[in-house]
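Structure file target-v3.tsv (TSV, C-alpha atoms) is printed below.
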```
chain	number	residue	atom	x	y	z
Q	25	MET	CA	21.83	-4.16	5.28
Q	26	THR	CA	18.70	-3.46	7.28
Q	27	ALA	CA	15.89	-5.97	7.59
Q	28	LEU	CA	13.73	-6.41	4.53
Q	29	ASP	CA	10.17	-5.41	5.26
Q	30	ILE	CA	7.08	-6.63	3.37
Q	31	ARG	CA	3.92	-4.63	3.98
Q	32	PRO	CA	0.77	-3.54	2.17
Q	33	GLY	CA	1.85	-1.31	-0.70
Q	34	ASP	CA	0.90	2.35	-0.92
Q	35	LEU	CA	-0.23	2.95	-4.50
Q	36	ASP	CA	0.07	6.72	-3.92
Q	37	ASP	CA	3.75	6.49	-2.95
Q	38	PRO	CA	5.87	7.94	-5.81
Q	39	ARG	CA	8.54	5.26	-5.22
Q	40	VAL	CA	5.93	2.54	-5.75
Q	41	VAL	CA	4.47	4.30	-8.79
Q	42	ARG	CA	7.96	4.52	-10.31
Q	43	LEU	CA	8.56	0.80	-9.71
Q	44	LEU	CA	5.24	-0.04	-11.38
Q	45	GLU	CA	5.95	2.32	-14.28
Q	46	ASP	CA	9.35	0.63	-14.76
Q	47	HIS	CA	7.55	-2.72	-14.75
Q	48	LEU	CA	5.07	-1.65	-17.42
Q	49	THR	CA	7.86	-0.09	-19.51
Q	50	ASP	CA	9.77	-3.39	-19.52
Q	51	MET	CA	6.62	-5.38	-20.31
Q	52	PHE	CA	5.82	-3.23	-23.35
Q	53	ALA	CA	9.47	-3.28	-24.45
Q	54	THR	CA	9.62	-7.08	-24.44
Q	55	SER	CA	6.11	-8.14	-25.51
Q	56	PRO	CA	3.55	-7.01	-28.07
Q	57	ALA	CA	0.90	-4.76	-26.49
Q	58	GLU	CA	-1.83	-7.39	-26.83
Q	59	SER	CA	0.33	-9.81	-24.82
Q	60	VAL	CA	1.01	-7.47	-21.88
Q	61	HIS	CA	-1.12	-8.48	-18.89
Q	62	ALA	CA	0.62	-6.39	-16.21
Q	63	LEU	CA	-1.69	-4.38	-13.97
Q	64	ASP	CA	-1.44	-0.62	-13.73
Q	65	VAL	CA	-1.93	1.32	-10.49
Q	66	SER	CA	-5.71	1.57	-10.86
Q	67	ALA	CA	-6.08	-2.17	-11.53
Q	68	LEU	CA	-3.95	-2.96	-8.48
Q	69	ALA	CA	-6.44	-1.01	-6.36
Q	70	ALA	CA	-9.27	-3.42	-7.26
Q	71	PRO	CA	-10.90	-5.12	-4.26
Q	72	GLU	CA	-9.92	-8.62	-5.41
Q	73	VAL	CA	-6.22	-7.63	-5.50
Q	74	THR	CA	-3.89	-7.47	-2.50
Q	75	PHE	CA	-0.68	-5.54	-3.15
Q	76	TRP	CA	2.55	-5.53	-1.14
Q	77	THR	CA	5.91	-3.83	-1.36
Q	78	LEU	CA	9.25	-4.99	-0.07
Q	79	SER	CA	11.50	-2.29	1.37
Q	80	ASP	CA	14.96	-1.98	2.81
Q	81	GLY	CA	14.80	1.13	4.96
Q	82	ASP	CA	13.45	3.91	2.74
Q	83	ALA	CA	14.20	2.06	-0.50
Q	84	VAL	CA	11.31	0.23	-2.18
Q	85	LEU	CA	13.01	-2.78	-3.74
Q	86	GLY	CA	10.08	-4.79	-5.04
Q	87	CYS	CA	6.39	-5.36	-5.27
Q	88	VAL	CA	3.97	-8.24	-5.74
Q	89	ALA	CA	0.22	-8.72	-5.87
Q	90	LEU	CA	-2.21	-11.57	-5.29
Q	91	LYS	CA	-5.49	-11.53	-7.19
Q	92	GLU	CA	-8.33	-13.73	-6.03
Q	93	LEU	CA	-9.84	-15.50	-9.02
Q	94	ASP	CA	-12.24	-17.49	-6.85
Q	95	PRO	CA	-12.19	-18.68	-3.22
Q	96	ARG	CA	-9.85	-21.58	-4.11
Q	97	HIS	CA	-7.67	-20.05	-6.83
Q	98	GLY	CA	-5.32	-17.07	-6.73
Q	99	GLU	CA	-3.16	-15.40	-9.36
Q	100	LEU	CA	0.31	-14.00	-8.79
Q	101	LYS	CA	0.51	-10.52	-10.37
Q	102	SER	CA	2.90	-7.60	-10.71
Q	103	MET	CA	5.96	-9.23	-9.22
Q	104	ARG	CA	8.82	-6.82	-9.78
Q	105	THR	CA	12.28	-6.35	-8.30
Q	106	ASP	CA	13.94	-2.98	-8.82
Q	107	ALA	CA	16.75	-3.37	-11.36
Q	108	ALA	CA	19.35	-2.14	-8.83
Q	109	ALA	CA	18.29	-4.81	-6.31
Q	110	ARG	CA	18.28	-7.88	-8.56
Q	111	GLY	CA	20.32	-10.86	-7.40
Q	112	ARG	CA	19.59	-10.24	-3.70
Q	113	GLY	CA	16.79	-12.79	-3.30
Q	114	ILE	CA	14.03	-10.16	-3.36
Q	115	GLY	CA	11.90	-12.16	-5.80
Q	116	ALA	CA	12.14	-15.28	-3.66
Q	117	ARG	CA	11.17	-13.34	-0.52
Q	118	MET	CA	8.12	-11.85	-2.23
Q	119	LEU	CA	7.10	-15.20	-3.73
Q	120	GLU	CA	7.38	-16.89	-0.33
Q	121	HIS	CA	5.21	-14.14	1.16
Q	122	VAL	CA	2.50	-14.70	-1.46
Q	123	LEU	CA	2.68	-18.47	-1.04
Q	124	GLY	CA	2.13	-18.02	2.69
Q	125	GLU	CA	-0.83	-15.73	2.11
Q	126	ALA	CA	-2.33	-18.12	-0.45
Q	127	ALA	CA	-2.04	-20.96	2.07
Q	128	ARG	CA	-3.57	-18.79	4.79
Q	129	ARG	CA	-6.53	-18.06	2.51
Q	130	GLY	CA	-6.97	-21.78	1.82
Q	131	TYR	CA	-6.29	-21.56	-1.91
Q	132	GLU	CA	-5.90	-24.89	-3.66
Q	133	ARG	CA	-4.04	-23.40	-6.60
Q	134	LEU	CA	-1.88	-20.39	-7.42
Q	135	SER	CA	-1.41	-19.51	-11.09
Q	136	LEU	CA	0.52	-16.91	-13.05
Q	137	GLU	CA	1.17	-15.62	-16.54
Q	138	THR	CA	4.64	-14.50	-17.56
Q	139	GLY	CA	6.42	-13.87	-20.80
Q	140	SER	CA	7.95	-16.49	-23.08
Q	141	GLN	CA	10.85	-14.24	-24.09
Q	142	GLU	CA	14.40	-14.62	-22.75
Q	143	PHE	CA	13.90	-11.51	-20.57
Q	144	PHE	CA	11.50	-13.58	-18.43
Q	145	ALA	CA	13.76	-16.66	-18.10
Q	146	PRO	CA	14.95	-15.76	-14.56
Q	147	ALA	CA	11.33	-15.36	-13.41
Q	148	ARG	CA	10.30	-18.68	-14.98
Q	149	ALA	CA	13.29	-20.37	-13.30
Q	150	LEU	CA	12.32	-18.93	-9.91
Q	151	TYR	CA	8.72	-20.11	-10.28
Q	152	ALA	CA	9.86	-23.59	-11.35
Q	153	LYS	CA	12.21	-23.75	-8.34
Q	154	TYR	CA	9.17	-23.25	-6.10
Q	155	GLY	CA	7.22	-26.02	-7.84
Q	156	PHE	CA	5.18	-24.13	-10.42
Q	157	ARG	CA	4.64	-26.13	-13.58
Q	158	THR	CA	3.75	-24.99	-17.07
Q	159	THR	CA	0.05	-25.31	-17.82
Q	160	GLY	CA	-2.51	-23.93	-20.23
Q	161	PRO	CA	-4.36	-20.63	-20.01
Q	162	PHE	CA	-6.52	-20.02	-16.94
Q	163	ALA	CA	-9.18	-17.44	-16.01
Q	164	ASP	CA	-9.73	-15.12	-19.01
Q	165	TYR	CA	-6.35	-15.73	-20.66
Q	166	ARG	CA	-6.07	-17.17	-24.16
Q	167	LEU	CA	-3.29	-19.21	-25.72
Q	168	ASP	CA	-0.55	-16.77	-26.76
Q	169	PRO	CA	2.96	-17.56	-28.02
Q	170	ASN	CA	4.23	-14.62	-25.94
Q	171	SER	CA	2.83	-16.03	-22.69
Q	172	VAL	CA	3.82	-18.88	-20.41
Q	173	PHE	CA	1.16	-20.02	-17.95
Q	174	MET	CA	2.26	-21.72	-14.74
Q	175	THR	CA	0.41	-23.13	-11.76
Q	176	LEU	CA	1.19	-24.56	-8.36
Q	177	GLU	CA	-1.17	-26.94	-6.59
Q	178	LEU	CA	-1.37	-25.99	-2.92
Q	179	ASP	CA	-2.24	-28.09	0.09
Q	180	PRO	CA	-5.27	-26.29	1.58
Q	181	ALA	CA	-4.60	-27.86	4.99
```

Would you mind writing the structure in this file as structure tokens?
Amino acid sequence: MTALDIRPGDLDDPRVVRLLEDHLTDMFATSPAESVHALDVSALAAPEVTFWTLSDGDAVLGCVALKELDPRHGELKSMRTDAAARGRGIGARMLEHVLGEAARRGYERLSLETGSQEFFAPARALYAKYGFRTTGPFADYRLDPNSVFMTLELDPA
């Protein structure tokens, strides 16, 4: 296996677009439309969002985004591992990258919204392993039985 490479994602790259389309397809297949908060390509291009991909050679294996909610609070968005690459630690690598960037920015808190369905259990377990705890809605989210809100308090030092 070649070295895994995390770099700013190219939202015009067809491999990235496919990964994001697969992500949205799964979100709409597992959650009611009003409970899907995944970002599409245009939303990922917003100035408050930083988007990365993780590649192994020419293969794009995953993506993740960090949205700045305010200068002290970030939101983890669009974390996706390609179905063929699951079980290889891709999610952990991407999460560690975002945690490093959040610390570099001086965030005091990193939050996320994920699904409450069984499909999302591996993601919730990964977040919990890294210290995220279940919390209430944040930013513009509302209480939703299809959503689990998690947050991690960061040391801004």

- prompt: Interatomic distance between atom CA of Glu45 of chain Q and atom CA of Ala108 of chain Q?
  reply: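 We find that atom CA of Glu45 of chain Q and atom CA of Ala108 of chain Q lie 15.1 Å from each other.
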
message: Need to verify the contact set: segment 68-77 of chain Q, 6 Å, all atoms listed in the file, exclusion of same-chain residues closer than 4 positions in sequence. Can you return it as a list in words?
response: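 Residues meeting the cut-off are Ile30, Arg31, Pro32, Gly33, Gly86, Cys87, Val88, Ala89, Leu90, Lys91 and Glu92 of chain Q.
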
Would you write out those residues with C-alpha atoms, as a compact mmCIF listing (two decimals), keeping the file's coordinate frame?
```
# COMPACT_ATOMS: atom_id res chain seq x y z
CA ILE Q 30 7.08 -6.63 3.37
CA ARG Q 31 3.92 -4.63 3.98
CA PRO Q 32 0.77 -3.54 2.17
CA GLY Q 33 1.85 -1.31 -0.70
CA GLY Q 86 10.08 -4.79 -5.04
CA CYS Q 87 6.39 -5.36 -5.27
CA VAL Q 88 3.97 -8.24 -5.74
CA ALA Q 89 0.22 -8.72 -5.87
CA LEU Q 90 -2.21 -11.57 -5.29
CA LYS Q 91 -5.49 -11.53 -7.19
CA GLU Q 92 -8.33 -13.73 -6.03
```

Which segment 85-131 of chain Q residues have any atom within 10 Å of an atom of segment 157-175 of chain Q, and for each, what is the nearest pair of atoms with distance in Å to one decimal, counting only C-alpha atoms, rows sorted by chain and number, as JSON lines?
```
{"residue": "Q:Leu93", "atom": "CA", "partner": "Q:Ala163", "partner_atom": "CA", "distance": 7.3}
{"residue": "Q:Asp94", "atom": "CA", "partner": "Q:Ala163", "partner_atom": "CA", "distance": 9.7}
{"residue": "Q:His97", "atom": "CA", "partner": "Q:Ala163", "partner_atom": "CA", "distance": 9.7}
{"residue": "Q:Gly98", "atom": "CA", "partner": "Q:Thr175", "partner_atom": "CA", "distance": 9.7}
{"residue": "Q:Glu99", "atom": "CA", "partner": "Q:Thr175", "partner_atom": "CA", "distance": 8.8}
{"residue": "Q:Leu100", "atom": "CA", "partner": "Q:Thr175", "partner_atom": "CA", "distance": 9.6}
```

- prompt: Counting all atoms listed in the file, which residues come within 10 Å of (7.1, -19.8, -9.8), with the point read in the file's coordinates, and could you list them as a list of chain:residue names?
  reply: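 Within 10 Å of (7.1, -19.8, -9.8), the protein and nucleic acid residues are Q:Leu100, Q:Gly115, Q:Ala116, Q:Leu119, Q:Glu120, Q:Leu123, Q:Leu134, Q:Ser135, Q:Leu136, Q:Glu137, Q:Thr138, Q:Ala147, Q:Arg148, Q:Ala149, Q:Leu150, Q:Tyr151, Q:Ala152, Q:Lys153, Q:Tyr154, Q:Gly155, Q:Phe156, Q:Arg157, Q:Thr158, Q:Met174, Q:Thr175, Q:Leu176.
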
Which neighbours of Ser79 of chain Q fall inside 6 Å, counting only C-alpha atoms, when residues of the same chain fewer than 2 positions from it are skipped, and could you give them as a PDB file with C-alpha atoms, keeping the file's coordinate frame?
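Result saved to out.pdb:
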```pdb
ATOM      1  CA  LEU Q  28      13.730  -6.410   4.530  1.00  0.00           C
ATOM      2  CA  ASP Q  29      10.170  -5.410   5.260  1.00  0.00           C
ATOM      3  CA  GLY Q  81      14.800   1.130   4.960  1.00  0.00           C
ATOM      4  CA  ALA Q  83      14.200   2.060  -0.500  1.00  0.00           C
ATOM      5  CA  VAL Q  84      11.310   0.230  -2.180  1.00  0.00           C
ATOM      6  CA  LEU Q  85      13.010  -2.780  -3.740  1.00  0.00           C
TER       7      LEU Q  85
END
```

message: Can you measure atom CA of Ala107 of chain Q to atom CA of Asp50 of chain Q for me? One decimal in Å is fine.
response: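 According to the coordinates, atom CA of Ala107 of chain Q and atom CA of Asp50 of chain Q are separated by 10.7 Å.
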
task: Choose the residue, out of Q:Met118, Q:Leu78, Q:Leu178, Q:Met103, that has the smallest atom-to-atom separation from Asp34 of chain Q; count all atoms listed in the file.
output: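 Checking each of Q:Met118, Q:Leu78, Q:Leu178, Q:Met103 against Asp34 of chain Q, counting all atoms listed in the file, the winner is Q:Leu78.
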
message: Quick check, in Å to one decimal: how far apart do atom CA of Glu125 of chain Q and atom CA of Ser102 of chain Q lie?
response: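 Straight-line distance from atom CA of Glu125 of chain Q to atom CA of Ser102 of chain Q works out to 15.6 Å.
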
task: Rank Q:Val122, Q:Ala27, Q:Ala57, Q:Ala109 by their smallest atom-to-atom distance to Leu43 of chain Q, using all atoms listed in the file, and report the top residue only.
output: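 Ranked by minimum distance to Leu43 of chain Q, first place goes to Q:Ala109.
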
field: Nearest to Asp37 of chain Q by atom-to-atom distance, counting only C-alpha atoms, from Q:Ala127, Q:Val60, Q:Val65, Q:Ala145
entry: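 Of the candidates, the smallest distance to Asp37 of chain Q is held by Q:Val65.
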